[in-house]
>>> print(open('work-v6.pdb').read())   # PDB, C-alpha atoms
ATOM      1  CA  MET A   5       0.000   0.000   0.000
ATOM      2  CA  ASN A   6       1.331   3.441  -0.952
ATOM      3  CA  TYR A   7       0.320   5.443   2.079
ATOM      4  CA  GLU A   8       1.294   8.814   0.652
ATOM      5  CA  SER A   9      -0.534   8.510  -2.669
ATOM      6  CA  MET A  10      -3.888   7.142  -1.512
ATOM      7  CA  GLU A  11      -6.817   9.129  -2.896
ATOM      8  CA  PHE A  12      -9.968   9.686  -0.861
ATOM      9  CA  GLY A  13     -12.044  11.745  -3.307
ATOM     10  CA  PRO A  14     -14.724   9.071  -3.874
ATOM     11  CA  LEU A  15     -15.093   8.592  -0.117
ATOM     12  CA  GLU A  16     -15.427  12.345   0.405
ATOM     13  CA  GLU A  17     -18.257  12.311  -2.152
ATOM     14  CA  LYS A  18     -20.065   9.596  -0.194
ATOM     15  CA  ILE A  19     -19.478  11.336   3.121
ATOM     16  CA  GLY A  20     -20.697  14.635   1.718
ATOM     17  CA  TYR A  21     -17.715  16.641   2.930
ATOM     18  CA  HIS A  22     -14.498  17.669   1.161
ATOM     19  CA  PHE A  23     -11.512  18.314   3.380
ATOM     20  CA  THR A  24      -9.469  21.491   3.220
ATOM     21  CA  ASP A  25      -6.682  19.530   4.934
ATOM     22  CA  PRO A  26      -6.741  16.008   3.427
ATOM     23  CA  GLU A  27      -4.157  14.827   5.962
ATOM     24  CA  LEU A  28      -6.847  14.970   8.628
ATOM     25  CA  LEU A  29      -8.904  12.410   6.710
ATOM     26  CA  ARG A  30      -5.824  10.264   6.098
ATOM     27  CA  THR A  31      -5.110  10.248   9.823
ATOM     28  CA  ALA A  32      -8.770   9.472  10.609
ATOM     29  CA  LEU A  33      -8.516   6.353   8.449
ATOM     30  CA  THR A  34      -5.144   5.115   9.732
ATOM     31  CA  HIS A  35      -5.345   2.259  12.229
ATOM     32  CA  LYS A  36      -2.670   1.859  14.883
ATOM     33  CA  SER A  37      -1.641  -1.493  13.363
ATOM     34  CA  PHE A  38      -0.392   0.328  10.252
ATOM     35  CA  ALA A  39       1.256   3.085  12.255
ATOM     36  CA  SER A  40       3.260   0.511  14.197
ATOM     37  CA  GLU A  41       4.496  -1.135  10.974
ATOM     38  CA  TYR A  42       5.460   2.066   9.147
ATOM     39  CA  HIS A  43       9.162   2.636   9.670
ATOM     40  CA  VAL A  44      10.011   5.546   7.336
ATOM     41  CA  ARG A  45       8.558   8.179   9.638
ATOM     42  CA  ALA A  46       6.103   8.465  12.483
ATOM     43  CA  VAL A  47       2.595   7.944  11.149
ATOM     44  CA  PRO A  48      -0.300   9.534  13.033
ATOM     45  CA  GLN A  49      -3.247   7.211  13.652
ATOM     46  CA  TYR A  50      -6.893   7.740  14.434
ATOM     47  CA  GLU A  51      -7.219   7.155  18.189
ATOM     48  CA  ARG A  52      -7.005  10.837  19.191
ATOM     49  CA  LEU A  53      -9.497  11.834  16.494
ATOM     50  CA  GLU A  54     -11.797   9.018  17.620
ATOM     51  CA  PHE A  55     -11.647  10.363  21.181
ATOM     52  CA  LEU A  56     -12.652  13.813  19.952
ATOM     53  CA  GLY A  57     -15.320  12.478  17.600
ATOM     54  CA  ASP A  58     -16.879  10.361  20.344
ATOM     55  CA  SER A  59     -17.503  13.463  22.481
ATOM     56  CA  ILE A  60     -18.849  15.475  19.552
ATOM     57  CA  LEU A  61     -21.136  12.623  18.532
ATOM     58  CA  GLU A  62     -22.569  12.327  22.035
ATOM     59  CA  TYR A  63     -23.349  16.059  22.070
ATOM     60  CA  ILE A  64     -24.971  16.082  18.606
ATOM     61  CA  ALA A  65     -26.989  12.931  19.294
ATOM     62  CA  SER A  66     -28.105  14.223  22.706
ATOM     63  CA  GLU A  67     -29.299  17.518  21.251
ATOM     64  CA  ALA A  68     -31.151  15.771  18.421
ATOM     65  CA  LEU A  69     -32.929  13.351  20.777
ATOM     66  CA  TYR A  70     -33.764  16.156  23.234
ATOM     67  CA  GLU A  71     -35.503  18.058  20.452
ATOM     68  CA  ARG A  72     -37.092  15.021  18.782
ATOM     69  CA  TYR A  73     -38.593  13.529  21.986
ATOM     70  CA  PRO A  74     -39.701  16.422  24.247
ATOM     71  CA  GLU A  75     -41.889  14.096  26.336
ATOM     72  CA  LEU A  76     -39.204  11.558  27.283
ATOM     73  CA  PRO A  77     -37.418  11.615  30.676
ATOM     74  CA  GLU A  78     -33.652  11.567  31.006
ATOM     75  CA  GLY A  79     -33.440   7.798  31.476
ATOM     76  CA  GLU A  80     -35.281   7.021  28.244
ATOM     77  CA  LEU A  81     -33.251   9.580  26.312
ATOM     78  CA  THR A  82     -30.072   7.948  27.615
ATOM     79  CA  LYS A  83     -31.251   4.522  26.390
ATOM     80  CA  LYS A  84     -32.091   5.900  22.953
ATOM     81  CA  ARG A  85     -28.725   7.620  22.696
ATOM     82  CA  ALA A  86     -26.908   4.418  23.673
ATOM     83  CA  SER A  87     -28.780   2.564  20.949
ATOM     84  CA  LEU A  88     -28.127   5.271  18.385
ATOM     85  CA  VAL A  89     -24.355   5.507  18.905
ATOM     86  CA  CYS A  90     -23.669   1.810  19.567
ATOM     87  CA  GLU A  91     -21.036  -0.190  17.716
ATOM     88  CA  TYR A  92     -23.574  -2.045  15.579
ATOM     89  CA  THR A  93     -25.348   1.074  14.299
ATOM     90  CA  LEU A  94     -22.185   3.032  13.525
ATOM     91  CA  SER A  95     -20.415   0.082  11.912
ATOM     92  CA  GLN A  96     -23.394  -0.557   9.636
ATOM     93  CA  ILE A  97     -23.273   3.049   8.444
ATOM     94  CA  THR A  98     -19.554   3.028   7.698
ATOM     95  CA  LYS A  99     -19.823  -0.379   6.063
ATOM     96  CA  GLU A 100     -22.464   0.966   3.676
ATOM     97  CA  LEU A 101     -20.299   4.013   2.962
ATOM     98  CA  GLY A 102     -17.355   1.768   2.068
ATOM     99  CA  TYR A 103     -14.986   2.845   4.831
ATOM    100  CA  GLY A 104     -13.516  -0.656   4.847
ATOM    101  CA  ASP A 105     -12.066  -0.044   1.382
ATOM    102  CA  TYR A 106     -10.179   3.009   2.609
ATOM    103  CA  VAL A 107      -9.058   2.169   6.144
ATOM    104  CA  ILE A 108      -5.269   1.920   6.332
ATOM    105  CA  LEU A 109      -4.344  -1.243   8.222
ATOM    106  CA  GLY A 110      -1.245  -3.181   9.082
ATOM    107  CA  LYS A 111      -0.760  -6.428   7.147
ATOM    108  CA  GLY A 112      -1.710  -8.645  10.087
ATOM    109  CA  GLU A 113      -4.883  -6.714  10.852
ATOM    110  CA  ALA A 114      -5.883  -6.731   7.192
ATOM    111  CA  MET A 115      -5.302 -10.481   6.883
ATOM    112  CA  THR A 116      -7.522 -11.218   9.892
ATOM    113  CA  GLY A 117     -10.557  -9.341   8.564
ATOM    114  CA  GLY A 118      -9.966  -5.866   9.960
ATOM    115  CA  ARG A 119     -11.751  -4.182   7.061
ATOM    116  CA  GLU A 120     -15.005  -5.837   8.108
ATOM    117  CA  ARG A 121     -14.481  -5.714  11.878
ATOM    118  CA  PRO A 122     -17.395  -3.838  13.513
ATOM    119  CA  SER A 123     -15.214  -2.312  16.241
ATOM    120  CA  ILE A 124     -12.883  -0.728  13.667
ATOM    121  CA  LEU A 125     -15.729   0.428  11.431
ATOM    122  CA  CYS A 126     -17.414   1.998  14.449
ATOM    123  CA  ASP A 127     -14.190   3.781  15.408
ATOM    124  CA  LEU A 128     -13.911   5.205  11.904
ATOM    125  CA  PHE A 129     -17.290   6.934  12.092
ATOM    126  CA  GLU A 130     -16.085   8.797  15.172
ATOM    127  CA  SER A 131     -12.552   9.508  13.946
ATOM    128  CA  VAL A 132     -13.832  10.943  10.662
ATOM    129  CA  LEU A 133     -16.318  13.049  12.627
ATOM    130  CA  GLY A 134     -13.443  14.388  14.725
ATOM    131  CA  ALA A 135     -11.492  15.171  11.551
ATOM    132  CA  ILE A 136     -14.462  16.992  10.003
ATOM    133  CA  TYR A 137     -14.867  19.079  13.159
ATOM    134  CA  LEU A 138     -11.191  20.108  13.160
ATOM    135  CA  ASP A 139     -11.272  20.846   9.432
ATOM    136  CA  GLY A 140     -14.548  22.754   9.192
ATOM    137  CA  GLY A 141     -16.096  23.247  12.627
ATOM    138  CA  MET A 142     -19.366  22.192  14.220
ATOM    139  CA  GLU A 143     -21.676  22.962  11.288
ATOM    140  CA  PRO A 144     -20.260  20.325   8.876
ATOM    141  CA  ALA A 145     -19.825  17.926  11.806
ATOM    142  CA  LYS A 146     -23.554  18.193  12.533
ATOM    143  CA  ALA A 147     -24.350  17.836   8.847
ATOM    144  CA  TYR A 148     -22.327  14.587   8.684
ATOM    145  CA  VAL A 149     -24.062  13.090  11.727
ATOM    146  CA  THR A 150     -27.495  14.270  10.583
ATOM    147  CA  LYS A 151     -27.099  12.868   7.082
ATOM    148  CA  HIS A 152     -25.714   9.477   8.031
ATOM    149  CA  LEU A 153     -27.011   8.767  11.532
ATOM    150  CA  LEU A 154     -29.969  10.927  12.520
ATOM    151  CA  THR A 155     -32.263   9.828   9.725
ATOM    152  CA  ASP A 156     -34.867   7.164  10.542
ATOM    153  CA  LEU A 157     -34.403   7.606  14.297
ATOM    154  CA  GLU A 158     -37.224   5.250  15.241
ATOM    155  CA  HIS A 159     -35.556   2.278  13.587
ATOM    156  CA  LYS A 160     -32.032   3.097  14.730
ATOM    157  CA  THR A 161     -32.936   3.602  18.385
ATOM    158  CA  VAL A 162     -34.713   0.255  18.708
ATOM    159  CA  PHE A 163     -31.410  -1.638  19.024
ATOM    160  CA  THR A 164     -31.160  -1.695  22.824
ATOM    161  CA  ASP A 165     -34.777  -2.939  23.053
ATOM    162  CA  ALA A 166     -34.423  -5.528  20.291
ATOM    163  CA  LYS A 167     -34.325  -8.580  22.570
ATOM    164  CA  THR A 168     -37.400  -7.425  24.507
ATOM    165  CA  ILE A 169     -39.350  -6.669  21.324
ATOM    166  CA  LEU A 170     -38.427 -10.025  19.819
ATOM    167  CA  GLN A 171     -39.393 -11.835  23.042
ATOM    168  CA  GLU A 172     -42.808 -10.156  22.966
ATOM    169  CA  TYR A 173     -43.246 -11.189  19.335
ATOM    170  CA  ALA A 174     -42.294 -14.794  20.176
ATOM    171  CA  GLN A 175     -44.724 -14.966  23.099
ATOM    172  CA  LYS A 176     -47.530 -13.447  21.040
ATOM    173  CA  ASN A 177     -47.038 -16.068  18.343
ATOM    174  CA  GLY A 178     -46.418 -19.030  20.662
ATOM    175  CA  LEU A 179     -42.790 -19.433  19.613
ATOM    176  CA  LEU A 180     -39.821 -20.380  21.749
ATOM    177  CA  LEU A 181     -37.072 -17.750  21.432
ATOM    178  CA  GLU A 182     -33.520 -19.039  21.896
ATOM    179  CA  TYR A 183     -30.030 -17.703  21.276
ATOM    180  CA  GLU A 184     -27.463 -20.167  19.996
ATOM    181  CA  LEU A 185     -23.769 -19.422  20.527
ATOM    182  CA  LEU A 186     -22.191 -20.415  17.221
ATOM    183  CA  ASP A 187     -18.606 -19.384  17.732
ATOM    184  CA  GLN A 188     -16.116 -17.570  19.941
ATOM    185  CA  SER A 189     -12.716 -16.624  18.603
ATOM    186  CA  GLY A 190      -9.762 -14.336  19.159
ATOM    187  CA  PRO A 191      -7.552 -13.712  22.188
ATOM    188  CA  ASP A 192      -9.107 -13.237  25.617
ATOM    189  CA  HIS A 193      -8.846  -9.437  25.501
ATOM    190  CA  LEU A 194     -10.411  -9.287  22.008
ATOM    191  CA  ARG A 195     -12.828 -12.217  22.130
ATOM    192  CA  VAL A 196     -15.491 -12.162  19.413
ATOM    193  CA  TYR A 197     -18.769 -14.032  19.935
ATOM    194  CA  THR A 198     -21.215 -15.076  17.228
ATOM    195  CA  SER A 199     -24.824 -15.806  18.221
ATOM    196  CA  ARG A 200     -27.882 -16.804  16.216
ATOM    197  CA  VAL A 201     -31.591 -16.361  16.874
ATOM    198  CA  LEU A 202     -33.801 -19.445  16.898
ATOM    199  CA  LEU A 203     -37.557 -18.892  16.749
ATOM    200  CA  GLY A 204     -39.556 -22.070  17.249
ATOM    201  CA  GLY A 205     -36.378 -23.975  16.417
ATOM    202  CA  VAL A 206     -35.988 -22.168  13.094
ATOM    203  CA  PRO A 207     -32.646 -20.337  12.633
ATOM    204  CA  TYR A 208     -32.804 -16.638  11.815
ATOM    205  CA  GLU A 209     -30.139 -13.923  11.838
ATOM    206  CA  THR A 210     -26.692 -13.950  13.442
ATOM    207  CA  GLY A 211     -24.807 -11.244  15.326
ATOM    208  CA  GLN A 212     -21.210 -10.636  16.348
ATOM    209  CA  SER A 213     -19.799  -8.666  19.246
ATOM    210  CA  HIS A 214     -17.107  -8.617  21.920
ATOM    211  CA  SER A 215     -19.734  -9.814  24.417
ATOM    212  CA  ILE A 216     -22.344 -12.565  24.258
ATOM    213  CA  LYS A 217     -25.051 -10.056  25.157
ATOM    214  CA  GLY A 218     -23.967  -7.743  22.357
ATOM    215  CA  ALA A 219     -23.961 -10.591  19.842
ATOM    216  CA  GLN A 220     -27.480 -11.570  20.921
ATOM    217  CA  MET A 221     -28.689  -7.978  20.667
ATOM    218  CA  GLU A 222     -27.315  -7.634  17.149
ATOM    219  CA  ALA A 223     -28.862 -10.954  16.109
ATOM    220  CA  ALA A 224     -32.202  -9.913  17.603
ATOM    221  CA  HIS A 225     -32.107  -6.534  15.867
ATOM    222  CA  LYS A 226     -31.285  -8.071  12.494
ATOM    223  CA  THR A 227     -34.076 -10.621  12.998
ATOM    224  CA  LEU A 228     -36.563  -7.834  13.744
ATOM    225  CA  ARG A 229     -35.563  -6.185  10.495
ATOM    226  CA  SER A 230     -35.917  -9.417   8.540
ATOM    227  CA  LEU A 231     -39.398  -9.866  10.029
ATOM    228  CA  ASN A 232     -40.246  -6.220   9.204
ATOM    229  CA  LEU A 233     -40.784  -5.486  12.899
ATOM    230  CA  SER A 234     -38.375  -2.535  13.145
TER     231      SER A 234
END
>>> encode(input="work-v6.pdb", output="structure tokens")
Amino acid sequence: MNYESMEFGPLEEKIGYHFTDPELLRTALTHKSFASEYHVRAVPQYERLEFLGDSILEYIASEALYERYPELPEGELTKKRASLVCEYTLSQITKELGYGDYVILGKGEAMTGGRERPSILCDLFESVLGAIYLDGGMEPAKAYVTKHLLTDLEHKTVFTDAKTILQEYAQKNGLLLEYELLDQSGPDHLRVYTSRVLLGGVPYETGQSHSIKGAQMEAAHKTLRSLNLS
């Protein structure tokens, strides 16, 4: 990979923002695994931008939910925000935008599926947001979040309630809801679990996460979508 000559114009078109300082976007897409392998000079990587973007995202999402749901108490708003900015939601957005084709990874990370890894794809949404904020300020940062995350709020904020909603559906239709653990892989500190929904013994969607609960929630959410219930 030629780090210096990579072009991000097509990605900027998809994002809807063109950088005045393209190095900010390059940094936002550079994973620490690549930075550690690059020996010509020190290569900045996205963790600091992700830290900044995470805080900006929480503010923008909080403001949007506060205005969208004036009747909800603080606890319910917190649940909706957690659902909205969770790893699954953000990684699905960046996957659809093709971030995996542009993320700059070390060889080992790339060979083990880093371009499709939800945790990395989630990080990229936040690091790019941080880069947009530094490049253009809060207005384009809000525009990025609004365009790619704050549309269809009802569907996106159902994630944390997915297991409850699916359980209610199963009970209503006399079906036994089960979660089958299909696989667990990776080192202890980066364990990845894969779970599948069974409804009345029939297999439905699968989910992956760094926790069993998270994998079940993703599987439940995807099953709700396949059943047109979310």
>>> resolve_selection(input="work-v6.pdb", expression="the PyMOL selection byres ((chain A and resi 231) around 12)", output="ChimeraX atom specification")
/A:169-170,173-174,203,208-209,224-230,232-234
>>> atom_distance(input="work-v6.pdb", atom1="CA of Val149 (chain A)", atom2="CA of Thr164 (chain A)")
19.8 Å
>>> resolve_selection(input="work-v6.pdb", expression="the PyMOL selection byres ((chain A and resi 137-148) around 10)", output="number ranges by chain")
A: 19-29, 53, 56-57, 60-61, 63-65, 68, 129, 131-136, 149-154
>>> write_last_selection(input="work-v6.pdb", atoms="C-alpha atoms", output="tab-separated table (two decimals), keeping the file's coordinate frame")
chain	number	residue	atom	x	y	z
A	19	ILE	CA	-19.48	11.34	3.12
A	20	GLY	CA	-20.70	14.64	1.72
A	21	TYR	CA	-17.72	16.64	2.93
A	22	HIS	CA	-14.50	17.67	1.16
A	23	PHE	CA	-11.51	18.31	3.38
A	24	THR	CA	-9.47	21.49	3.22
A	25	ASP	CA	-6.68	19.53	4.93
A	26	PRO	CA	-6.74	16.01	3.43
A	27	GLU	CA	-4.16	14.83	5.96
A	28	LEU	CA	-6.85	14.97	8.63
A	29	LEU	CA	-8.90	12.41	6.71
A	53	LEU	CA	-9.50	11.83	16.49
A	56	LEU	CA	-12.65	13.81	19.95
A	57	GLY	CA	-15.32	12.48	17.60
A	60	ILE	CA	-18.85	15.48	19.55
A	61	LEU	CA	-21.14	12.62	18.53
A	63	TYR	CA	-23.35	16.06	22.07
A	64	ILE	CA	-24.97	16.08	18.61
A	65	ALA	CA	-26.99	12.93	19.29
A	68	ALA	CA	-31.15	15.77	18.42
A	129	PHE	CA	-17.29	6.93	12.09
A	131	SER	CA	-12.55	9.51	13.95
A	132	VAL	CA	-13.83	10.94	10.66
A	133	LEU	CA	-16.32	13.05	12.63
A	134	GLY	CA	-13.44	14.39	14.72
A	135	ALA	CA	-11.49	15.17	11.55
A	136	ILE	CA	-14.46	16.99	10.00
A	149	VAL	CA	-24.06	13.09	11.73
A	150	THR	CA	-27.50	14.27	10.58
A	151	LYS	CA	-27.10	12.87	7.08
A	152	HIS	CA	-25.71	9.48	8.03
A	153	LEU	CA	-27.01	8.77	11.53
A	154	LEU	CA	-29.97	10.93	12.52
>>> resolve_selection(input="work-v6.pdb", expression="the PyMOL selection byres ((chain A and resi 109) around 8)", output="NGL selection string")
:A and (34-38 or 107-108 or 110-111 or 113-114 or 118)
>>> write_last_selection(input="work-v6.pdb", atoms="C-alpha atoms", output="mmCIF file, keeping the file's coordinate frame")
data_model
loop_
_atom_site.group_PDB
_atom_site.id
_atom_site.type_symbol
_atom_site.label_atom_id
_atom_site.label_comp_id
_atom_site.auth_asym_id
_atom_site.auth_seq_id
_atom_site.Cartn_x
_atom_site.Cartn_y
_atom_site.Cartn_z
ATOM 1 C CA THR A 34 -5.144 5.115 9.732
ATOM 2 C CA HIS A 35 -5.345 2.259 12.229
ATOM 3 C CA LYS A 36 -2.670 1.859 14.883
ATOM 4 C CA SER A 37 -1.641 -1.493 13.363
ATOM 5 C CA PHE A 38 -0.392 0.328 10.252
ATOM 6 C CA VAL A 107 -9.058 2.169 6.144
ATOM 7 C CA ILE A 108 -5.269 1.920 6.332
ATOM 8 C CA GLY A 110 -1.245 -3.181 9.082
ATOM 9 C CA LYS A 111 -0.760 -6.428 7.147
ATOM 10 C CA GLU A 113 -4.883 -6.714 10.852
ATOM 11 C CA ALA A 114 -5.883 -6.731 7.192
ATOM 12 C CA GLY A 118 -9.966 -5.866 9.960
#
>>> closest_residue(input="work-v6.pdb", among="A:Thr98, A:Thr93, A:Ser199, A:Ser59", to="Lys18 (chain A)", atoms="only C-alpha atoms")
A:Thr98
>>> atom_distance(input="work-v6.pdb", atom1="CA of Gly204 (chain A)", atom2="CA of Gln188 (chain A)")
24.0 Å
>>> residues_near_point(input="work-v6.pdb", point="(-7.5, 5.4, -0.9)", cutoff="6 Å", atoms="only C-alpha atoms", output="PyMOL selection string")
chain A and resi 10-12+106
>>> residues_around(input="work-v6.pdb", residues="Phe163 (chain A)", least_positions_apart="2", cutoff="10 Å", atoms="only C-alpha atoms", output="list in words")
Lys83, Lys84, Ala86, Ser87, Leu88, Cys90, Tyr92, Thr93, Glu158, His159, Lys160, Thr161, Asp165, Ala166, Lys167, Thr168, Ile169, Met221, Glu222, Ala224, His225, Lys226, Leu228 and Ser234 of chain A
>>> build_atoms(input="work-v6.pdb", residues="region 44-64 of chain A", atoms="N, CA, C and O atoms", output="PDB file, keeping the file's coordinate frame")
ATOM      1  N   VAL A  44       9.334   4.425   7.977  1.00  0.00           N
ATOM      2  CA  VAL A  44      10.011   5.546   7.336  1.00  0.00           C
ATOM      3  C   VAL A  44       9.925   6.797   8.196  1.00  0.00           C
ATOM      4  O   VAL A  44      10.871   7.527   8.378  1.00  0.00           O
ATOM      5  N   ARG A  45       8.738   7.049   8.731  1.00  0.00           N
ATOM      6  CA  ARG A  45       8.558   8.179   9.638  1.00  0.00           C
ATOM      7  C   ARG A  45       7.386   7.869  10.555  1.00  0.00           C
ATOM      8  O   ARG A  45       6.640   6.933  10.334  1.00  0.00           O
ATOM      9  N   ALA A  46       7.231   8.674  11.571  1.00  0.00           N
ATOM     10  CA  ALA A  46       6.103   8.465  12.483  1.00  0.00           C
ATOM     11  C   ALA A  46       4.801   8.734  11.735  1.00  0.00           C
ATOM     12  O   ALA A  46       4.647   9.755  11.075  1.00  0.00           O
ATOM     13  N   VAL A  47       3.882   7.807  11.829  1.00  0.00           N
ATOM     14  CA  VAL A  47       2.595   7.944  11.149  1.00  0.00           C
ATOM     15  C   VAL A  47       1.504   8.187  12.185  1.00  0.00           C
ATOM     16  O   VAL A  47       1.300   7.358  13.068  1.00  0.00           O
ATOM     17  N   PRO A  48       0.804   9.307  12.093  1.00  0.00           N
ATOM     18  CA  PRO A  48      -0.300   9.534  13.033  1.00  0.00           C
ATOM     19  C   PRO A  48      -1.430   8.558  12.767  1.00  0.00           C
ATOM     20  O   PRO A  48      -1.663   8.164  11.622  1.00  0.00           O
ATOM     21  N   GLN A  49      -2.122   8.133  13.817  1.00  0.00           N
ATOM     22  CA  GLN A  49      -3.247   7.211  13.652  1.00  0.00           C
ATOM     23  C   GLN A  49      -4.479   7.790  14.346  1.00  0.00           C
ATOM     24  O   GLN A  49      -4.405   8.826  14.994  1.00  0.00           O
ATOM     25  N   TYR A  50      -5.606   7.083  14.184  1.00  0.00           N
ATOM     26  CA  TYR A  50      -6.893   7.740  14.434  1.00  0.00           C
ATOM     27  C   TYR A  50      -7.365   7.814  15.882  1.00  0.00           C
ATOM     28  O   TYR A  50      -8.417   8.402  16.158  1.00  0.00           O
ATOM     29  N   GLU A  51      -6.662   7.265  16.845  1.00  0.00           N
ATOM     30  CA  GLU A  51      -7.219   7.155  18.189  1.00  0.00           C
ATOM     31  C   GLU A  51      -7.556   8.511  18.823  1.00  0.00           C
ATOM     32  O   GLU A  51      -8.569   8.658  19.495  1.00  0.00           O
ATOM     33  N   ARG A  52      -6.712   9.525  18.620  1.00  0.00           N
ATOM     34  CA  ARG A  52      -7.005  10.837  19.191  1.00  0.00           C
ATOM     35  C   ARG A  52      -8.227  11.471  18.515  1.00  0.00           C
ATOM     36  O   ARG A  52      -9.068  12.090  19.177  1.00  0.00           O
ATOM     37  N   LEU A  53      -8.335  11.308  17.208  1.00  0.00           N
ATOM     38  CA  LEU A  53      -9.497  11.834  16.494  1.00  0.00           C
ATOM     39  C   LEU A  53     -10.769  11.088  16.906  1.00  0.00           C
ATOM     40  O   LEU A  53     -11.844  11.683  16.991  1.00  0.00           O
ATOM     41  N   GLU A  54     -10.642   9.799  17.155  1.00  0.00           N
ATOM     42  CA  GLU A  54     -11.797   9.018  17.620  1.00  0.00           C
ATOM     43  C   GLU A  54     -12.269   9.531  18.977  1.00  0.00           C
ATOM     44  O   GLU A  54     -13.478   9.655  19.227  1.00  0.00           O
ATOM     45  N   PHE A  55     -11.322   9.811  19.865  1.00  0.00           N
ATOM     46  CA  PHE A  55     -11.647  10.363  21.181  1.00  0.00           C
ATOM     47  C   PHE A  55     -12.429  11.664  21.045  1.00  0.00           C
ATOM     48  O   PHE A  55     -13.464  11.871  21.699  1.00  0.00           O
ATOM     49  N   LEU A  56     -11.962  12.542  20.175  1.00  0.00           N
ATOM     50  CA  LEU A  56     -12.652  13.813  19.952  1.00  0.00           C
ATOM     51  C   LEU A  56     -14.024  13.583  19.327  1.00  0.00           C
ATOM     52  O   LEU A  56     -15.027  14.152  19.761  1.00  0.00           O
ATOM     53  N   GLY A  57     -14.066  12.739  18.298  1.00  0.00           N
ATOM     54  CA  GLY A  57     -15.320  12.478  17.600  1.00  0.00           C
ATOM     55  C   GLY A  57     -16.373  11.844  18.485  1.00  0.00           C
ATOM     56  O   GLY A  57     -17.564  12.127  18.351  1.00  0.00           O
ATOM     57  N   ASP A  58     -15.952  10.997  19.414  1.00  0.00           N
ATOM     58  CA  ASP A  58     -16.879  10.361  20.344  1.00  0.00           C
ATOM     59  C   ASP A  58     -17.615  11.411  21.181  1.00  0.00           C
ATOM     60  O   ASP A  58     -18.837  11.336  21.363  1.00  0.00           O
ATOM     61  N   SER A  59     -16.888  12.408  21.671  1.00  0.00           N
ATOM     62  CA  SER A  59     -17.503  13.463  22.481  1.00  0.00           C
ATOM     63  C   SER A  59     -18.435  14.331  21.647  1.00  0.00           C
ATOM     64  O   SER A  59     -19.536  14.696  22.085  1.00  0.00           O
ATOM     65  N   ILE A  60     -18.022  14.650  20.433  1.00  0.00           N
ATOM     66  CA  ILE A  60     -18.849  15.475  19.552  1.00  0.00           C
ATOM     67  C   ILE A  60     -20.121  14.723  19.179  1.00  0.00           C
ATOM     68  O   ILE A  60     -21.222  15.298  19.158  1.00  0.00           O
ATOM     69  N   LEU A  61     -19.978  13.440  18.896  1.00  0.00           N
ATOM     70  CA  LEU A  61     -21.136  12.623  18.532  1.00  0.00           C
ATOM     71  C   LEU A  61     -22.147  12.565  19.670  1.00  0.00           C
ATOM     72  O   LEU A  61     -23.357  12.672  19.451  1.00  0.00           O
ATOM     73  N   GLU A  62     -21.660  12.388  20.889  1.00  0.00           N
ATOM     74  CA  GLU A  62     -22.569  12.327  22.035  1.00  0.00           C
ATOM     75  C   GLU A  62     -23.347  13.633  22.182  1.00  0.00           C
ATOM     76  O   GLU A  62     -24.553  13.613  22.451  1.00  0.00           O
ATOM     77  N   TYR A  63     -22.675  14.757  21.982  1.00  0.00           N
ATOM     78  CA  TYR A  63     -23.349  16.059  22.070  1.00  0.00           C
ATOM     79  C   TYR A  63     -24.409  16.206  20.980  1.00  0.00           C
ATOM     80  O   TYR A  63     -25.565  16.571  21.257  1.00  0.00           O
ATOM     81  N   ILE A  64     -24.036  15.904  19.728  1.00  0.00           N
ATOM     82  CA  ILE A  64     -24.971  16.082  18.606  1.00  0.00           C
ATOM     83  C   ILE A  64     -26.168  15.153  18.754  1.00  0.00           C
ATOM     84  O   ILE A  64     -27.321  15.550  18.549  1.00  0.00           O
TER      85      ILE A  64
END
